[in-house]
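Below: run-v2.txt (compact mmCIF, C-alpha atoms)
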```
# COMPACT_ATOMS: atom_id res chain seq x y z
CA MET Q 1 0.00 0.00 0.00
CA PHE Q 2 3.01 2.29 0.30
CA PRO Q 3 6.49 2.40 -1.21
CA LYS Q 4 9.20 1.70 1.36
CA ASN Q 5 12.20 2.83 -0.66
CA ALA Q 6 11.47 6.47 0.07
CA TRP Q 7 12.07 9.17 2.67
CA TYR Q 8 9.18 9.83 5.05
CA VAL Q 9 8.89 12.42 7.78
CA ALA Q 10 8.97 10.41 10.99
CA ALA Q 11 9.02 13.11 13.65
CA THR Q 12 9.80 16.70 14.45
CA PRO Q 13 13.12 17.34 16.22
CA ASP Q 14 11.44 18.44 19.46
CA GLU Q 15 9.77 15.01 19.79
CA ILE Q 16 13.16 13.37 20.31
CA ASP Q 17 14.74 14.74 23.47
CA GLU Q 18 16.57 12.89 26.23
CA LYS Q 19 14.11 10.00 25.92
CA PRO Q 20 13.67 7.65 22.95
CA LEU Q 21 10.60 7.94 20.73
CA GLY Q 22 8.63 4.93 19.55
CA ARG Q 23 6.78 5.33 16.25
CA THR Q 24 5.40 3.01 13.58
CA VAL Q 25 6.15 4.00 9.97
CA CYS Q 26 4.97 1.90 7.01
CA ASN Q 27 4.08 -0.97 9.38
CA GLU Q 28 7.65 -0.93 10.77
CA LYS Q 29 7.88 -0.40 14.53
CA MET Q 30 10.81 1.94 15.08
CA VAL Q 31 12.58 3.67 17.93
CA PHE Q 32 14.36 7.01 17.49
CA TRP Q 33 16.90 8.54 19.84
CA ARG Q 34 19.80 10.96 19.95
CA PRO Q 35 23.15 9.25 20.63
CA ARG Q 36 24.73 12.71 20.73
CA ALA Q 37 23.54 16.28 20.38
CA GLY Q 38 22.65 17.01 16.77
CA GLU Q 39 22.53 13.32 15.80
CA VAL Q 40 19.62 10.91 15.47
CA SER Q 41 19.46 7.13 15.09
CA ALA Q 42 16.65 4.69 14.34
CA LEU Q 43 16.33 0.96 15.06
CA GLU Q 44 13.52 -1.53 15.05
CA ASP Q 45 11.69 -1.26 18.35
CA PHE Q 46 12.60 -4.77 19.51
CA CYS Q 47 15.09 -5.86 22.15
CA PRO Q 48 16.92 -9.02 21.00
CA HIS Q 49 16.84 -10.43 24.53
CA ARG Q 50 13.11 -10.83 25.25
CA GLY Q 51 11.44 -8.71 22.61
CA ALA Q 52 10.72 -5.74 24.85
CA ALA Q 53 10.05 -2.33 23.28
CA LEU Q 54 13.32 -0.40 23.31
CA SER Q 55 11.33 2.84 23.11
CA LEU Q 56 10.35 2.30 26.76
CA GLY Q 57 14.01 2.45 27.78
CA SER Q 58 16.48 5.30 28.14
CA VAL Q 59 19.59 6.81 26.58
CA CYS Q 60 22.90 6.45 28.40
CA GLU Q 61 26.30 7.53 27.04
CA GLY Q 62 24.95 7.53 23.50
CA ASN Q 63 23.49 4.02 23.68
CA LEU Q 64 19.87 2.95 23.80
CA VAL Q 65 19.27 1.05 27.04
CA CYS Q 66 16.37 -1.41 27.27
CA GLY Q 67 14.10 -0.66 30.21
CA TYR Q 68 13.52 -4.36 30.91
CA HIS Q 69 16.97 -5.82 31.71
CA GLY Q 70 19.43 -3.05 30.89
CA LEU Q 71 20.69 -4.27 27.51
CA ALA Q 72 22.54 -1.42 25.78
CA MET Q 73 22.16 -1.06 22.02
CA GLY Q 74 24.43 0.85 19.62
CA CYS Q 75 23.40 2.92 16.63
CA GLU Q 76 23.98 0.10 14.12
CA GLY Q 77 21.71 -2.37 15.92
CA LYS Q 78 24.49 -4.29 17.67
CA THR Q 79 24.27 -5.01 21.41
CA VAL Q 80 27.04 -3.11 23.21
CA SER Q 81 26.62 -4.47 26.72
CA MET Q 82 24.27 -6.08 29.24
CA PRO Q 83 24.79 -6.45 32.99
CA GLY Q 84 26.43 -9.80 33.80
CA GLN Q 85 26.24 -11.11 30.24
CA ARG Q 86 28.55 -11.69 27.31
CA VAL Q 87 26.93 -10.03 24.33
CA GLN Q 88 29.20 -10.90 21.40
CA GLY Q 89 26.77 -13.51 20.07
CA PHE Q 90 23.63 -11.42 20.41
CA PRO Q 91 21.83 -11.04 17.05
CA LYS Q 92 21.95 -7.65 15.41
CA ILE Q 93 18.63 -5.89 15.01
CA ARG Q 94 17.59 -3.78 12.05
CA SER Q 95 18.68 -0.17 11.76
CA PHE Q 96 17.02 2.39 9.50
CA PRO Q 97 18.64 5.23 7.55
CA VAL Q 98 17.62 8.46 9.23
CA ALA Q 99 18.37 12.13 8.63
CA GLU Q 100 17.56 15.47 10.19
CA LYS Q 101 16.92 18.03 7.50
CA TYR Q 102 14.69 21.04 6.83
CA GLY Q 103 13.44 20.97 10.42
CA PHE Q 104 12.14 17.38 10.28
CA ILE Q 105 13.39 13.89 11.12
CA TRP Q 106 13.28 11.67 8.01
CA VAL Q 107 13.44 7.88 7.87
CA TRP Q 108 13.90 5.37 5.03
CA PRO Q 109 11.95 2.17 5.85
CA GLY Q 110 13.14 0.25 2.78
CA ASP Q 111 16.46 -1.09 1.52
CA PRO Q 112 19.24 0.85 3.32
CA ALA Q 113 21.54 0.47 0.32
CA LEU Q 114 19.21 2.67 -1.73
CA ALA Q 115 18.90 5.48 0.82
CA ASP Q 116 20.30 8.76 -0.48
CA VAL Q 117 19.78 11.90 1.60
CA SER Q 118 19.96 14.03 -1.55
CA LYS Q 119 16.64 12.49 -2.60
CA ILE Q 120 14.79 14.17 0.24
CA HIS Q 121 12.28 16.56 -1.31
CA HIS Q 122 13.85 20.03 -1.46
CA LEU Q 123 12.14 22.60 0.76
CA GLU Q 124 13.35 26.04 -0.23
CA TRP Q 125 11.19 27.79 2.36
CA ALA Q 126 12.82 25.81 5.19
CA GLU Q 127 16.26 27.28 4.45
CA SER Q 128 15.44 30.93 3.86
CA PRO Q 129 15.02 33.76 6.39
CA ASP Q 130 12.45 35.22 3.99
CA TRP Q 131 9.94 32.58 5.13
CA ALA Q 132 8.17 31.79 8.39
CA TYR Q 133 6.73 28.38 9.25
CA GLY Q 134 4.34 27.00 11.83
CA GLY Q 135 2.83 23.56 11.95
CA GLY Q 136 1.78 20.52 13.92
CA LEU Q 137 1.13 16.78 13.89
CA TYR Q 138 -2.10 14.79 13.80
CA HIS Q 139 -2.54 11.03 14.08
CA VAL Q 140 -5.32 10.12 11.66
CA ALA Q 141 -7.12 6.77 11.56
CA CYS Q 142 -7.29 6.44 7.79
CA ASP Q 143 -5.39 5.10 4.81
CA TYR Q 144 -2.91 7.85 3.88
CA ARG Q 145 -4.12 7.69 0.28
CA LEU Q 146 -7.48 9.09 1.37
CA MET Q 147 -5.61 12.18 2.54
CA VAL Q 148 -3.82 12.31 -0.83
CA ASP Q 149 -7.25 12.36 -2.49
CA ASN Q 150 -8.43 15.05 -0.08
CA LEU Q 151 -5.51 17.40 -0.65
CA MET Q 152 -5.30 16.99 -4.41
CA ASP Q 153 -8.97 17.97 -4.78
CA LEU Q 154 -9.88 21.03 -2.73
CA THR Q 155 -13.50 21.13 -3.90
CA HIS Q 156 -14.48 19.82 -0.48
CA GLU Q 157 -13.49 23.12 1.15
CA THR Q 158 -16.87 24.61 0.22
CA TYR Q 159 -18.62 22.04 2.38
CA VAL Q 160 -16.13 20.86 5.03
CA HIS Q 161 -14.54 24.22 5.89
CA THR Q 162 -17.52 26.56 5.71
CA THR Q 163 -16.32 28.91 8.45
CA SER Q 164 -12.68 29.28 7.45
CA ILE Q 165 -11.45 28.71 3.88
CA GLY Q 166 -14.57 27.49 2.08
CA GLN Q 167 -16.54 29.51 -0.44
CA LYS Q 168 -18.99 28.66 -3.20
CA GLU Q 169 -16.64 29.84 -5.96
CA ILE Q 170 -14.36 26.87 -5.28
CA ASP Q 171 -16.72 24.26 -6.68
CA GLU Q 172 -17.97 26.70 -9.32
CA THR Q 173 -14.46 27.09 -10.78
CA PRO Q 174 -12.98 24.31 -12.96
CA VAL Q 175 -9.83 22.59 -11.76
CA THR Q 176 -6.92 21.79 -14.09
CA THR Q 177 -4.81 18.65 -13.63
CA LYS Q 178 -1.35 18.08 -15.10
CA ALA Q 179 1.29 15.39 -14.63
CA ASP Q 180 5.00 15.69 -15.35
CA GLY Q 181 6.74 12.45 -14.52
CA ASP Q 182 6.17 11.81 -10.82
CA HIS Q 183 4.92 15.36 -10.21
CA VAL Q 184 1.15 15.85 -10.28
CA MET Q 185 -0.31 19.34 -10.15
CA THR Q 186 -3.89 20.53 -9.78
CA SER Q 187 -4.73 24.22 -9.98
CA ARG Q 188 -7.71 26.47 -9.53
CA PHE Q 189 -7.80 30.26 -9.98
CA MET Q 190 -10.74 32.35 -8.77
CA ASP Q 191 -10.83 36.00 -9.83
CA GLY Q 192 -12.84 38.81 -8.30
CA VAL Q 193 -14.15 36.92 -5.26
CA MET Q 194 -14.50 37.97 -1.64
CA ALA Q 195 -11.94 36.35 0.64
CA PRO Q 196 -13.25 33.83 3.22
CA PRO Q 197 -12.51 34.38 6.95
CA PHE Q 198 -9.09 32.67 7.04
CA TRP Q 199 -7.79 34.76 4.15
CA ARG Q 200 -9.34 37.99 5.43
CA ALA Q 201 -7.28 37.48 8.58
CA ASN Q 202 -4.15 36.93 6.49
CA LEU Q 203 -4.80 40.09 4.48
CA ARG Q 204 -4.98 42.03 7.74
CA GLY Q 205 -1.80 40.26 8.83
CA ASN Q 206 -0.03 41.79 5.83
CA ASN Q 207 -1.61 45.22 6.37
CA LEU Q 208 -3.92 44.86 3.37
CA PRO Q 209 -7.66 45.63 3.26
CA ASP Q 210 -9.91 42.64 3.86
CA ASP Q 211 -13.14 44.06 2.43
CA GLN Q 212 -12.19 44.26 -1.24
CA PRO Q 213 -12.50 41.63 -4.01
CA VAL Q 214 -9.46 39.41 -4.44
CA ASP Q 215 -8.03 36.97 -6.93
CA ARG Q 216 -7.50 33.61 -5.19
CA TRP Q 217 -5.37 30.62 -6.21
CA GLN Q 218 -4.85 27.00 -5.15
CA VAL Q 219 -2.02 25.04 -6.79
CA CYS Q 220 -1.49 21.55 -5.37
CA HIS Q 221 1.78 19.68 -5.98
CA PHE Q 222 2.11 15.95 -5.30
CA HIS Q 223 5.57 14.39 -5.08
CA PRO Q 224 6.12 10.77 -4.08
CA PRO Q 225 5.97 9.02 -1.79
CA SER Q 226 3.22 11.23 -0.30
CA HIS Q 227 4.35 14.83 -0.02
CA ILE Q 228 1.89 17.53 -1.01
CA MET Q 229 2.76 21.22 -1.13
CA ILE Q 230 -0.11 23.58 -1.90
CA GLU Q 231 0.51 27.12 -3.12
CA VAL Q 232 -2.31 29.23 -1.77
CA GLY Q 233 -3.07 32.89 -1.44
CA VAL Q 234 -5.07 35.92 -2.43
CA ALA Q 235 -4.15 39.20 -4.13
CA LEU Q 236 -6.14 42.39 -4.36
CA ALA Q 237 -8.26 41.97 -7.48
CA GLY Q 238 -6.76 43.22 -10.71
CA ARG Q 239 -3.18 43.38 -9.40
CA GLY Q 240 -1.95 40.25 -11.18
CA GLY Q 241 -3.36 37.45 -9.04
CA TYR Q 242 -0.80 34.70 -8.48
CA ASN Q 243 1.86 36.89 -10.12
CA ALA Q 244 0.99 40.05 -8.20
CA GLU Q 245 3.73 41.97 -6.41
CA ALA Q 246 4.34 40.99 -2.78
CA LYS Q 247 2.87 44.28 -1.53
CA ASP Q 248 -0.51 43.41 -3.05
CA LYS Q 249 -0.95 39.81 -1.91
CA VAL Q 250 -0.59 37.16 0.75
CA TYR Q 251 1.13 34.02 -0.49
CA SER Q 252 1.73 30.80 1.43
CA ILE Q 253 2.60 27.15 0.98
CA VAL Q 254 0.48 24.61 2.82
CA VAL Q 255 2.86 21.84 3.88
CA ASP Q 256 1.53 18.27 4.01
CA PHE Q 257 3.73 15.27 4.80
CA LEU Q 258 1.58 12.14 4.86
CA THR Q 259 3.43 9.30 6.57
CA PRO Q 260 1.72 5.89 6.63
CA GLU Q 261 1.65 4.27 10.04
CA THR Q 262 -0.34 1.14 9.16
CA ASP Q 263 -2.68 0.23 6.30
CA THR Q 264 -5.45 2.25 7.95
CA SER Q 265 -3.65 4.94 9.95
CA MET Q 266 -1.16 7.73 9.29
CA TRP Q 267 0.93 10.52 10.75
CA TYR Q 268 -0.03 13.89 9.32
CA PHE Q 269 2.69 16.55 9.58
CA TRP Q 270 0.96 19.76 8.56
CA GLY Q 271 1.87 23.40 8.49
CA MET Q 272 2.05 26.61 6.53
CA ALA Q 273 5.07 28.52 5.25
CA ARG Q 274 4.56 32.18 4.35
CA ASN Q 275 6.73 34.91 2.87
CA PHE Q 276 4.95 37.96 4.28
CA ASN Q 277 5.39 39.62 7.67
CA VAL Q 278 7.69 36.75 8.64
CA THR Q 279 8.91 38.23 11.93
CA ASP Q 280 5.43 38.46 13.43
CA LYS Q 281 5.32 35.48 15.83
CA ALA Q 282 1.77 36.28 16.89
CA LEU Q 283 0.66 36.00 13.26
CA THR Q 284 2.46 32.65 12.94
CA ALA Q 285 0.61 31.39 16.02
CA GLN Q 286 -2.70 32.72 14.69
CA ILE Q 287 -2.26 31.00 11.32
CA LYS Q 288 -1.23 27.75 13.03
CA GLU Q 289 -4.33 27.83 15.23
CA GLY Q 290 -6.56 28.45 12.21
CA GLN Q 291 -4.93 25.65 10.25
CA ALA Q 292 -5.27 23.23 13.14
CA LYS Q 293 -9.03 23.74 13.14
CA VAL Q 294 -9.23 23.26 9.35
CA PHE Q 295 -7.25 20.01 9.41
CA ALA Q 296 -9.23 18.72 12.38
CA GLU Q 297 -12.34 19.04 10.19
CA ASP Q 298 -10.60 17.01 7.47
CA THR Q 299 -9.63 14.37 10.02
CA GLN Q 300 -13.22 13.90 11.14
CA VAL Q 301 -14.42 13.38 7.56
CA LEU Q 302 -11.59 11.01 6.55
CA GLU Q 303 -11.80 8.81 9.62
CA ALA Q 304 -15.53 8.35 9.05
CA GLN Q 305 -14.81 7.62 5.38
CA GLN Q 306 -12.27 4.95 6.39
CA ARG Q 307 -14.80 3.28 8.70
CA ASN Q 308 -17.31 3.16 5.86
CA LEU Q 309 -14.79 1.66 3.44
CA LEU Q 310 -13.86 -1.05 5.94
CA ARG Q 311 -17.51 -1.83 6.54
CA TRP Q 312 -18.37 -2.04 2.82
CA PRO Q 313 -15.15 -3.10 1.08
CA GLU Q 314 -17.00 -4.42 -1.96
CA ARG Q 315 -18.60 -1.10 -2.86
CA ARG Q 316 -17.10 0.68 -5.84
CA LEU Q 317 -16.37 4.38 -5.56
CA LEU Q 318 -17.12 6.87 -8.32
CA MET Q 319 -14.36 8.74 -10.14
CA LEU Q 320 -15.25 12.22 -11.35
CA ASN Q 321 -13.23 14.88 -13.14
CA ILE Q 322 -12.49 16.60 -9.81
CA ASP Q 323 -10.80 13.38 -8.64
CA ALA Q 324 -8.17 13.45 -11.39
CA GLY Q 325 -5.37 14.77 -9.17
CA GLY Q 326 -5.82 12.02 -6.63
CA VAL Q 327 -6.18 9.36 -9.32
CA GLN Q 328 -2.94 10.44 -11.02
CA SER Q 329 -1.11 10.54 -7.69
CA ARG Q 330 -2.33 7.07 -6.75
CA ARG Q 331 -1.11 5.71 -10.08
CA ILE Q 332 2.39 6.91 -9.23
CA ILE Q 333 2.18 5.34 -5.78
CA ASP Q 334 0.93 2.06 -7.28
CA ARG Q 335 3.78 2.01 -9.78
CA LEU Q 336 6.39 2.58 -7.11
CA VAL Q 337 4.91 -0.12 -4.89
CA ALA Q 338 4.80 -2.59 -7.81
CA ALA Q 339 8.42 -1.83 -8.68
CA GLU Q 340 9.49 -2.95 -5.21
CA GLN Q 341 7.73 -6.31 -5.36
CA PRO Q 342 10.34 -8.27 -7.45
CA ALA Q 343 13.08 -7.25 -5.02
CA LYS Q 344 10.98 -8.50 -2.12
CA ALA Q 345 10.25 -11.77 -3.87
CA ALA Q 346 13.93 -12.34 -4.64
CA ALA Q 347 14.83 -11.70 -1.00
```
Go through the file and emit its structure as C-alpha cells.
Amino acid sequence: MFPKNAWYVAATPDEIDEKPLGRTVCNEKMVFWRPRAGEVSALEDFCPHRGAALSLGSVCEGNLVCGYHGLAMGCEGKTVSMPGQRVQGFPKIRSFPVAEKYGFIWVWPGDPALADVSKIHHLEWAESPDWAYGGGLYHVACDYRLMVDNLMDLTHETYVHTTSIGQKEIDETPVTTKADGDHVMTSRFMDGVMAPPFWRANLRGNNLPDDQPVDRWQVCHFHPPSHIMIEVGVALAGRGGYNAEAKDKVYSIVVDFLTPETDTSMWYFWGMARNFNVTDKALTAQIKEGQAKVFAEDTQVLEAQQRNLLRWPERRLLMLNIDAGGVQSRRIIDRLVAAEQPAKAAA
C-alpha cells in the first residue's frame, strides 16, 4: 500500500529529546533517539533479549538502554553491553537510515543500500530567512491515500470548511490537472471573489484591506511518496493574481507530509510557510491555530470515510473529473509499490 524505498517524515526534532521515541512507519515499529547532540538514530523497536520495546528504555552515554533488563544497544543495531552477560553472540537488530533536514526527522523504511539523503524533497522555504513556518502533527485513523485524495482535490473546502477557507466559488471554478513524470499538479484560480474568513485574517496580517475583491489561487503539488505542497493565497483583485507583487498579496505554501503508520492509519505533519510579515510570531501562532481547526475538520471526515470503506469493502467508488489529481497521484504510488515487489520476492 506504500512504497518503502522512500524518505518519510517520521518526527519533528522536538519530539526526540533525552528519551527515545517509539513510532510506527509503514508498518515498521521503530525507535528514534539521539546518541549525541545534533545526531539521530533509528532501530527496530525490539530488544533481541526478550522482545521488549526499546522505546520504553532510556539513553545512556549515547546508547539505547532497554528498560527491561538493561541491555545497551548501539546505533547500528548491535548489542554493546548487558549487565552480567557476554553479548558478542547477540543477534543484530535492524537499523534504519535516518536524517535530520529542513526541520524534520526523516526515515527510510526500505532497503538501506538505496537510501540517499539528496533524494529528500527540497524545501526552499525551510532554508530561507524570507519565510516563516508554523505547523503541527495529527494522528489520523485512515489510509494515507485518502488524505492524498483530499488534498489533491480542494473542492471539499466549500462544504467541510464553511467557516474558514470554504466559499462557493471553489466548486464553481474548474480545476486543471497536469502530470509531469512523478509530479502531479492541480490548480484552480478564482478571480474577483471575496476572501473567506481565514484569508481575510491573512490580508490584515499583511496590512492589506480585507473588504475588497481578491483573486485567489490554489495550486497543489504531489511528489512521491506522499508529499503535497499547496501554493495558496489571495491578491487584491486586478493586481496580477498569483503573479501580483508581494505588496498586493498574501502568499503561502500549505505543507503536508503524509506518513503511513499502518494500512489504515497515518501521521499527518501539517503546516504553513509564508513569505509575508515573517517576523510576526503572533501572526504565525494565529495562522497555526486556524490551520489546526481546518485540518481537524478534514480528520473527522476522513476517519468516518475509512470506517465506511472497511464496513463495505466491496462497494465501488465513483471517479469524477475533480478526482483526477488524486487518481494520477495514486497511479504513481501504485507504480512505485509494484516496482518494489520483485526485489521482495527475490529476497
Note to self: Need to verify the contact set: Asp248 in chain Q, 9 Å, only C-alpha atoms, exclusion of same-chain residues closer than 6 positions in sequence. Can you return it as JSON, numbers by chain?
What the structure shows: {"Q": [208, 234, 235, 236, 239, 240, 241]}
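Using all atoms listed in the file, the smallest distance between any of Q:Ser164, Q:Ser226, Q:Thr176, Q:Thr12 and Pro196 in chain Q comes from Q:Ser164.
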Next item on the list: Give the answer as one residue: which of Q:Phe90, Q:Arg216, Q:Val140, Q:Ile120 has the shortest atom-to-atom distance to Ala244 in chain Q, using all atoms listed in the file?
Entry: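 Going through Q:Phe90, Q:Arg216, Q:Val140, Q:Ile120 one by one, the smallest distance to Ala244 in chain Q is for Q:Arg216.
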Notebook entry, point to check: Taking into account all atoms listed in the file, which residue in the set Q:Val148, Q:Val160, Q:Ala304, Q:Ala115 is nearest to Phe257 in chain Q?
Noted result: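 Of Q:Val148, Q:Val160, Q:Ala304, Q:Ala115, the one nearest Phe257 in chain Q is Q:Val148, counting all atoms listed in the file.
Residues near the point (24.2, 8.5, 15.0), at a distance of 12 Å or less over all atoms listed in the file, make up Phe32, Trp33, Arg34, Pro35, Arg36, Ala37, Gly38, Glu39, Val40, Ser41, Ala42, Leu43, Gly62, Asn63, Leu64, Gly74, Cys75, Glu76, Gly77, Ser95, Phe96, Pro97, Val98, Ala99 and Glu100 of chain Q.
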So which residues are close to (-3.8, 4.7, 6.9), meaning at most 7 Å away in the file's coordinates with all atoms listed in the file counted, and can you show them as a tab-separated table (two decimals) with C-alpha atoms, keeping the file's coordinate frame?
```
chain	number	residue	atom	x	y	z
Q	141	ALA	CA	-7.12	6.77	11.56
Q	142	CYS	CA	-7.29	6.44	7.79
Q	143	ASP	CA	-5.39	5.10	4.81
Q	144	TYR	CA	-2.91	7.85	3.88
Q	260	PRO	CA	1.72	5.89	6.63
Q	261	GLU	CA	1.65	4.27	10.04
Q	262	THR	CA	-0.34	1.14	9.16
Q	263	ASP	CA	-2.68	0.23	6.30
Q	264	THR	CA	-5.45	2.25	7.95
Q	265	SER	CA	-3.65	4.94	9.95
Q	266	MET	CA	-1.16	7.73	9.29
```
Notebook entry, point to check: Out of Q:Pro129, Q:Pro13, Q:Gly135, Q:Gly22, which residue has the shortest atom-to-atom distance to Asn277 in chain Q when counting all atoms listed in the file?
Noted result: Q:Pro129
Would you list the contacts of Ala72 in chain Q as a tab-separated table (two decimals) with C-alpha atoms, in the coordinates of the input, taking every protein, DNA or RNA residue within 9 Å and counting all atoms listed in the file, but skipping same-chain residues closer than 4 positions in sequence?
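Contents of part03.tsv, freshly written:
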```tsv
chain	number	residue	atom	x	y	z
Q	59	VAL	CA	19.59	6.81	26.58
Q	60	CYS	CA	22.90	6.45	28.40
Q	63	ASN	CA	23.49	4.02	23.68
Q	64	LEU	CA	19.87	2.95	23.80
Q	65	VAL	CA	19.27	1.05	27.04
Q	66	CYS	CA	16.37	-1.41	27.27
Q	78	LYS	CA	24.49	-4.29	17.67
Q	79	THR	CA	24.27	-5.01	21.41
Q	80	VAL	CA	27.04	-3.11	23.21
Q	81	SER	CA	26.62	-4.47	26.72
Q	82	MET	CA	24.27	-6.08	29.24
```
Next item on the list: Record the distance separating CA of Gly205 in chain Q and CA of Tyr102 in chain Q, expressed in Å with one decimal.
Entry: 25.4 Å
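Our summary of the geometry notes that CA of Arg188 in chain Q is positioned 22.0 Å from CA of Ile287 in chain Q.
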Checklist line | d(CA of Asp280 in chain Q, CA of Ala201 in chain Q) in Å | finding: 13.6 Å
Next item on the list: List the neighbours of Glu127 in chain Q out to 10 Å using all atoms listed in the file; skip same-chain residues closer than 3 positions along the sequence, and give me the result as a PyMOL selection string.
Entry: chain Q and resi 101-103+122-124+130-131
Margin query: So that I can see what lies close to Thr173 in chain Q, please list as a ChimeraX atom specification the residues with an atom at most 10 Å from it, counting only C-alpha atoms and leaving out residues fewer than 6 positions away in the same chain.
Written below: /Q:155,188-191
Margin query: Taking only C-alpha atoms into account, name the residue in Q:Met147, Q:Ala296, Q:Val175, Q:Leu203 that is nearest to Ala324 in chain Q.
Written below: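 Ranked by minimum distance to Ala324 in chain Q, first place goes to Q:Val175.
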Checklist line | Polymer residues at most 10 Å from Asn321 in chain Q, all atoms listed in the file, same-chain spacing of 4 or more positions, as a list in words | finding: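 Selected residues are Asp153, Pro174, Val175, Thr176, Thr177, Gly325 and Val327 of chain Q.
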Next item on the list: Can you work out which one of Q:Pro213, Q:Gly290, Q:Gly181, Q:Pro313 has the shortest atom-to-atom distance to Ser329 in chain Q, counting only C-alpha atoms?
Entry: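 Under the stated criterion, the closest residue is Q:Gly181.
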Since the input lacks some atoms of range 269-282 of chain Q, please model N, CA, C and O atoms and print them as a PDB file, keeping the file's coordinate frame.
```
ATOM      1  N   PHE Q 269       1.880  15.383   9.228  1.00  0.00           N
ATOM      2  CA  PHE Q 269       2.690  16.550   9.580  1.00  0.00           C
ATOM      3  C   PHE Q 269       2.228  17.708   8.707  1.00  0.00           C
ATOM      4  O   PHE Q 269       2.460  17.703   7.502  1.00  0.00           O
ATOM      5  N   TRP Q 270       1.563  18.667   9.311  1.00  0.00           N
ATOM      6  CA  TRP Q 270       0.960  19.760   8.560  1.00  0.00           C
ATOM      7  C   TRP Q 270       1.531  21.099   9.002  1.00  0.00           C
ATOM      8  O   TRP Q 270       2.070  21.236  10.098  1.00  0.00           O
ATOM      9  N   GLY Q 271       1.417  22.075   8.135  1.00  0.00           N
ATOM     10  CA  GLY Q 271       1.870  23.400   8.490  1.00  0.00           C
ATOM     11  C   GLY Q 271       1.672  24.375   7.351  1.00  0.00           C
ATOM     12  O   GLY Q 271       1.119  24.039   6.300  1.00  0.00           O
ATOM     13  N   MET Q 272       2.135  25.592   7.567  1.00  0.00           N
ATOM     14  CA  MET Q 272       2.050  26.610   6.530  1.00  0.00           C
ATOM     15  C   MET Q 272       3.315  27.468   6.572  1.00  0.00           C
ATOM     16  O   MET Q 272       3.725  27.951   7.632  1.00  0.00           O
ATOM     17  N   ALA Q 273       3.933  27.621   5.404  1.00  0.00           N
ATOM     18  CA  ALA Q 273       5.070  28.520   5.250  1.00  0.00           C
ATOM     19  C   ALA Q 273       4.583  29.771   4.521  1.00  0.00           C
ATOM     20  O   ALA Q 273       3.829  29.674   3.555  1.00  0.00           O
ATOM     21  N   ARG Q 274       5.012  30.937   4.982  1.00  0.00           N
ATOM     22  CA  ARG Q 274       4.560  32.180   4.350  1.00  0.00           C
ATOM     23  C   ARG Q 274       5.750  33.105   4.146  1.00  0.00           C
ATOM     24  O   ARG Q 274       6.730  33.050   4.905  1.00  0.00           O
ATOM     25  N   ASN Q 275       5.643  33.971   3.151  1.00  0.00           N
ATOM     26  CA  ASN Q 275       6.730  34.910   2.870  1.00  0.00           C
ATOM     27  C   ASN Q 275       6.295  36.354   3.052  1.00  0.00           C
ATOM     28  O   ASN Q 275       6.820  37.262   2.412  1.00  0.00           O
ATOM     29  N   PHE Q 276       5.346  36.596   3.955  1.00  0.00           N
ATOM     30  CA  PHE Q 276       4.950  37.960   4.280  1.00  0.00           C
ATOM     31  C   PHE Q 276       4.936  38.125   5.807  1.00  0.00           C
ATOM     32  O   PHE Q 276       4.588  37.217   6.540  1.00  0.00           O
ATOM     33  N   ASN Q 277       5.377  39.294   6.248  1.00  0.00           N
ATOM     34  CA  ASN Q 277       5.390  39.620   7.670  1.00  0.00           C
ATOM     35  C   ASN Q 277       5.974  38.474   8.496  1.00  0.00           C
ATOM     36  O   ASN Q 277       5.392  38.038   9.499  1.00  0.00           O
ATOM     37  N   VAL Q 278       7.147  37.996   8.090  1.00  0.00           N
ATOM     38  CA  VAL Q 278       7.690  36.750   8.640  1.00  0.00           C
ATOM     39  C   VAL Q 278       8.190  36.873  10.071  1.00  0.00           C
ATOM     40  O   VAL Q 278       8.379  35.855  10.752  1.00  0.00           O
ATOM     41  N   THR Q 279       8.412  38.075  10.562  1.00  0.00           N
ATOM     42  CA  THR Q 279       8.910  38.230  11.930  1.00  0.00           C
ATOM     43  C   THR Q 279       7.806  38.318  12.969  1.00  0.00           C
ATOM     44  O   THR Q 279       8.080  38.358  14.168  1.00  0.00           O
ATOM     45  N   ASP Q 280       6.565  38.335  12.517  1.00  0.00           N
ATOM     46  CA  ASP Q 280       5.430  38.460  13.430  1.00  0.00           C
ATOM     47  C   ASP Q 280       5.072  37.090  14.007  1.00  0.00           C
ATOM     48  O   ASP Q 280       4.359  36.299  13.385  1.00  0.00           O
ATOM     49  N   LYS Q 281       5.556  36.788  15.205  1.00  0.00           N
ATOM     50  CA  LYS Q 281       5.320  35.480  15.830  1.00  0.00           C
ATOM     51  C   LYS Q 281       3.857  35.295  16.211  1.00  0.00           C
ATOM     52  O   LYS Q 281       3.346  34.169  16.189  1.00  0.00           O
ATOM     53  N   ALA Q 282       3.193  36.383  16.553  1.00  0.00           N
ATOM     54  CA  ALA Q 282       1.770  36.280  16.890  1.00  0.00           C
ATOM     55  C   ALA Q 282       0.965  35.869  15.665  1.00  0.00           C
ATOM     56  O   ALA Q 282       0.017  35.068  15.766  1.00  0.00           O
TER      57      ALA Q 282
END
```
